[in-house]
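Here's the structure, in structure tokens; my notes come after.
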Amino acid sequence: MVSKAQRITLYSVLITASIGQIIAGSLSASSYEPWWSVVNPANSPQVYFASISAFVALLTFIWSIILLCFNDAPFSKHPLTRVRAHLYSLVGVAAAWLVLSVLLSSQFQTVCRSTDIDDPACGTAIASAVISWILFIVAACGAFFIRHSFSDASKYDNITMKDTIDPNREDPALGKERSQGLTALVVLYSFIIAFGIAQVGMGIFAALESRGSFRIDRDDFFPPSVVFASITAVYAMWHWIWSSVLIAYINKPNSTSALTRLGPHFWSAAVSTLVWLALAIGFTTQMPYNCQFEVYSDGLMYVWCAANGTAMSLSFVLFFLSAPVAFITGLAANRTGSYEGRLRETI
């Protein structure tokens with residue numbers, strides 16, 4: 001049986017891998033210049049395949065989030081809560097990534113020629129293909145286990161039909177539907193977790209690669225972008241883990257935990273908002289140095305620029321996701337006059 005926790009893990013992995021593929025596919029498409037077409041590198045199959053993979057990854061990311069939202073709705077009659085919606089979606093995702101995985105893998109011999117093995121294009125091509133295979137395997141396994149677990153399900157059966165329903169769970173049909181504010185918090189935290197995981201990887205990558213003209217001009221100088229990227233990786237790790245804890249306490253009406261109150265959510269979001277804004281500004285100040293293409297860098301300036309730019313973008317995204325959490329919880333606290341109020345009762 002595929003439990004709710006297993007389905008959440010399945011879609012979380014798909015979301016995370018999709019983010020990685022968006023980045024890897026974009027970098028692969030932009031960094032590769034085929035040896036047979038220097039004048040017009042867009043003629044390369046690798047550019048086409050990588051670009052398509054980045055676009056399909058974006059669609060996979062969005063659709064996985066949608067399915068995740070309908071993964072735990074035992075009282076809903078929406079079509080996306082049905083077993084077949086999840087099964088057919090995963091089959092389609094698996095088929096798409098199988099094709100892309102084969103196409104991307106077929107380009108290794110061309111992209112990773114022995115004379116250019118250190119070229120960044122080779123690394124991004126390999127990363128793109130590996131993540132594509134991961135997406136295929138995860139989606140295929142998910143489809144197989146759902147099909148096996150729900151072999152006796154009709155086309156109208158809910159995906160939660162075999163889950164153990166919490167006795168404290170409230171049926172929206174009884175007039176106790178979760179508020180829009182709490183739903184917004186769930187969505188925001190879900191995005192924070194997904195982008196936080198992506199930022200951990202990008203922070204590490206940027207710390208290793210973002211050197212820019214600082215390193216070229218002064219070998220003894222430690223680039224600020226490396227410092228920003230290192231802090232980013234550490235804070236992103238803490239942020240997505242802590243958000244995973246907080247999201248679990250949003251809808252627990254009978255819990256006495258302090259994490260069901262407004263205070264922890266507000267102050268966590270407020271601190272994260274300031275930190276991500278500071279890091280985003282820090283990365284922005286380093287863009288002129290990491291994207292100074294007129295300075296000779298043996299072609300590595302493209303990698304530094306892409307790493308710094310992606311880390312900067314994700315920092316801004318996390319800032320814009322954290323700020324609404326602080327606003328929603330802060331507004332509720334201001335209305336009730338205390339940060340001790342429970343989320344379920346005040347939002």
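Residues are referred to by chain and number: the chain letter is A, B, ... according to the order shown in the structure tokens, the number counts from 1 in that chain, and ligands are numbered separately from 1 in the order shown.
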
Which residues, written as a PyMOL selection string, have at least one atom at most 9 Å from stretch 89-105 of chain A, with only C-alpha atoms counted and residues fewer than 5 positions away on the same chain left out? chain A and resi 45-46+49-50+52-53+56-57+60+63-64+67+84+125-126+128-144

Please produce a file of those selected residues containing C-alpha atoms, as a CSV table (one decimal), in the first residue's frame.
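Done, and the output landed in result_5.csv:
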chain,number,residue,atom,x,y,z
A,45,PRO,CA,20.9,18.5,-30.6
A,46,GLN,CA,22.2,18.9,-27.1
A,49,PHE,CA,17.3,18.4,-25.8
A,50,ALA,CA,18.5,20.4,-22.8
A,52,ILE,CA,13.2,20.9,-23.8
A,53,SER,CA,14.2,19.1,-20.6
A,56,VAL,CA,9.4,19.7,-19.2
A,57,ALA,CA,11.0,20.0,-15.7
A,60,THR,CA,6.7,18.5,-13.9
A,63,TRP,CA,2.0,19.5,-11.9
A,64,SER,CA,3.7,17.7,-8.9
A,67,LEU,CA,-1.0,16.7,-7.2
A,84,ARG,CA,-6.5,7.4,-11.7
A,125,ALA,CA,25.2,17.6,-19.8
A,126,ILE,CA,25.9,14.7,-17.4
A,128,SER,CA,21.0,17.0,-16.8
A,129,ALA,CA,21.0,13.4,-18.0
A,130,VAL,CA,21.4,11.9,-14.5
A,131,ILE,CA,18.6,14.0,-13.1
A,132,SER,CA,16.4,13.0,-16.1
A,133,TRP,CA,17.0,9.3,-15.3
A,134,ILE,CA,16.2,10.0,-11.6
A,135,LEU,CA,12.9,11.7,-12.6
A,136,PHE,CA,12.0,8.7,-14.8
A,137,ILE,CA,12.8,6.1,-12.1
A,138,VAL,CA,10.9,8.0,-9.4
A,139,ALA,CA,7.8,8.6,-11.5
A,140,ALA,CA,7.8,5.0,-12.9
A,141,CYS,CA,8.2,3.5,-9.4
A,142,GLY,CA,5.4,5.7,-8.1
A,143,ALA,CA,3.1,4.7,-11.0
A,144,PHE,CA,3.9,1.0,-10.4

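The closest residue to A:Ala332, picked from A:Met202, A:Ala270, A:Val317, A:Leu262 and counting only C-alpha atoms, is A:Leu262.
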
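Within 7 Å of A:Phe316, once only C-alpha atoms are used and residues closer than 4 positions along the same chain are dropped, the contacting residues are A:Trp276, A:Leu277, A:Ala280, A:Met312, A:Phe320.
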
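Residue nearest A:Pro324 within the list A:His239, A:His78, A:His265, A:Lys252: A:His265 [criterion: smallest interatomic distance, only C-alpha atoms].
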
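Residue neighbourhood of A:Ile250, excluding near-sequence residues (fewer than 2 positions): Leu182, Thr183, Leu185, Val186, Val245, Leu246, Ile247, Ala248, Lys252, Pro253, Leu259, Thr260, Arg261, Leu262, His265, Arg342, Leu343 and Arg344 of chain A, at 10 Å, using only C-alpha atoms.
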
Keeping C-alpha atoms for every residue in the selection just given, could you write it to a file as a compact mmCIF listing (two decimals), in the first residue's frame?
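Result file follows (selection.txt):
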# COMPACT_ATOMS: atom_id res chain seq x y z
CA LEU A 182 -4.05 28.41 6.57
CA THR A 183 -4.19 27.06 3.03
CA LEU A 185 0.54 29.05 4.67
CA VAL A 186 0.63 25.43 3.53
CA VAL A 245 8.56 21.06 10.96
CA LEU A 246 6.35 24.17 11.04
CA ILE A 247 4.08 23.02 8.21
CA ALA A 248 3.27 19.88 10.18
CA LYS A 252 -3.49 20.45 14.52
CA PRO A 253 -6.51 21.78 16.42
CA LEU A 259 4.51 25.32 17.28
CA THR A 260 0.76 25.60 16.73
CA ARG A 261 0.93 29.21 17.93
CA LEU A 262 1.55 32.35 15.89
CA HIS A 265 5.81 31.04 12.66
CA ARG A 342 -3.25 29.28 17.78
CA LEU A 343 -3.01 29.27 14.02
CA ARG A 344 -6.21 27.28 13.67

Excluding A:Leu80 and its own-chain neighbours fewer than 2 positions away, which residues fall within 12 Å of it when counting only C-alpha atoms? Please give them as a ChimeraX atom specification. /A:63-74,76-78,82-89,155-160

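Coordinates place atom CA of A:Gln199 at a distance of 9.6 Å from atom CA of A:Ser313.
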
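Here atom CA of A:Ser322 stands at a distance of 6.3 Å from atom CA of A:Ser272.
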
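The residue that comes closest to A:Tyr339, out of A:Ala258, A:Ala311, A:Ala233, A:Ala278 and on the basis of only C-alpha atoms, is A:Ala258.
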
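The space between atom CA of A:Ala121 and atom CA of A:Phe108 spans 10.2 Å.
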
Write down as a PyMOL selection string the residues belonging to stretch 6-137 of chain A that are assigned helix (DSSP H, G or I) by DSSP computed on the backbone. chain A and resi 6-31+41-43+45-69+79-81+83-105+108-111+114-116+120-137
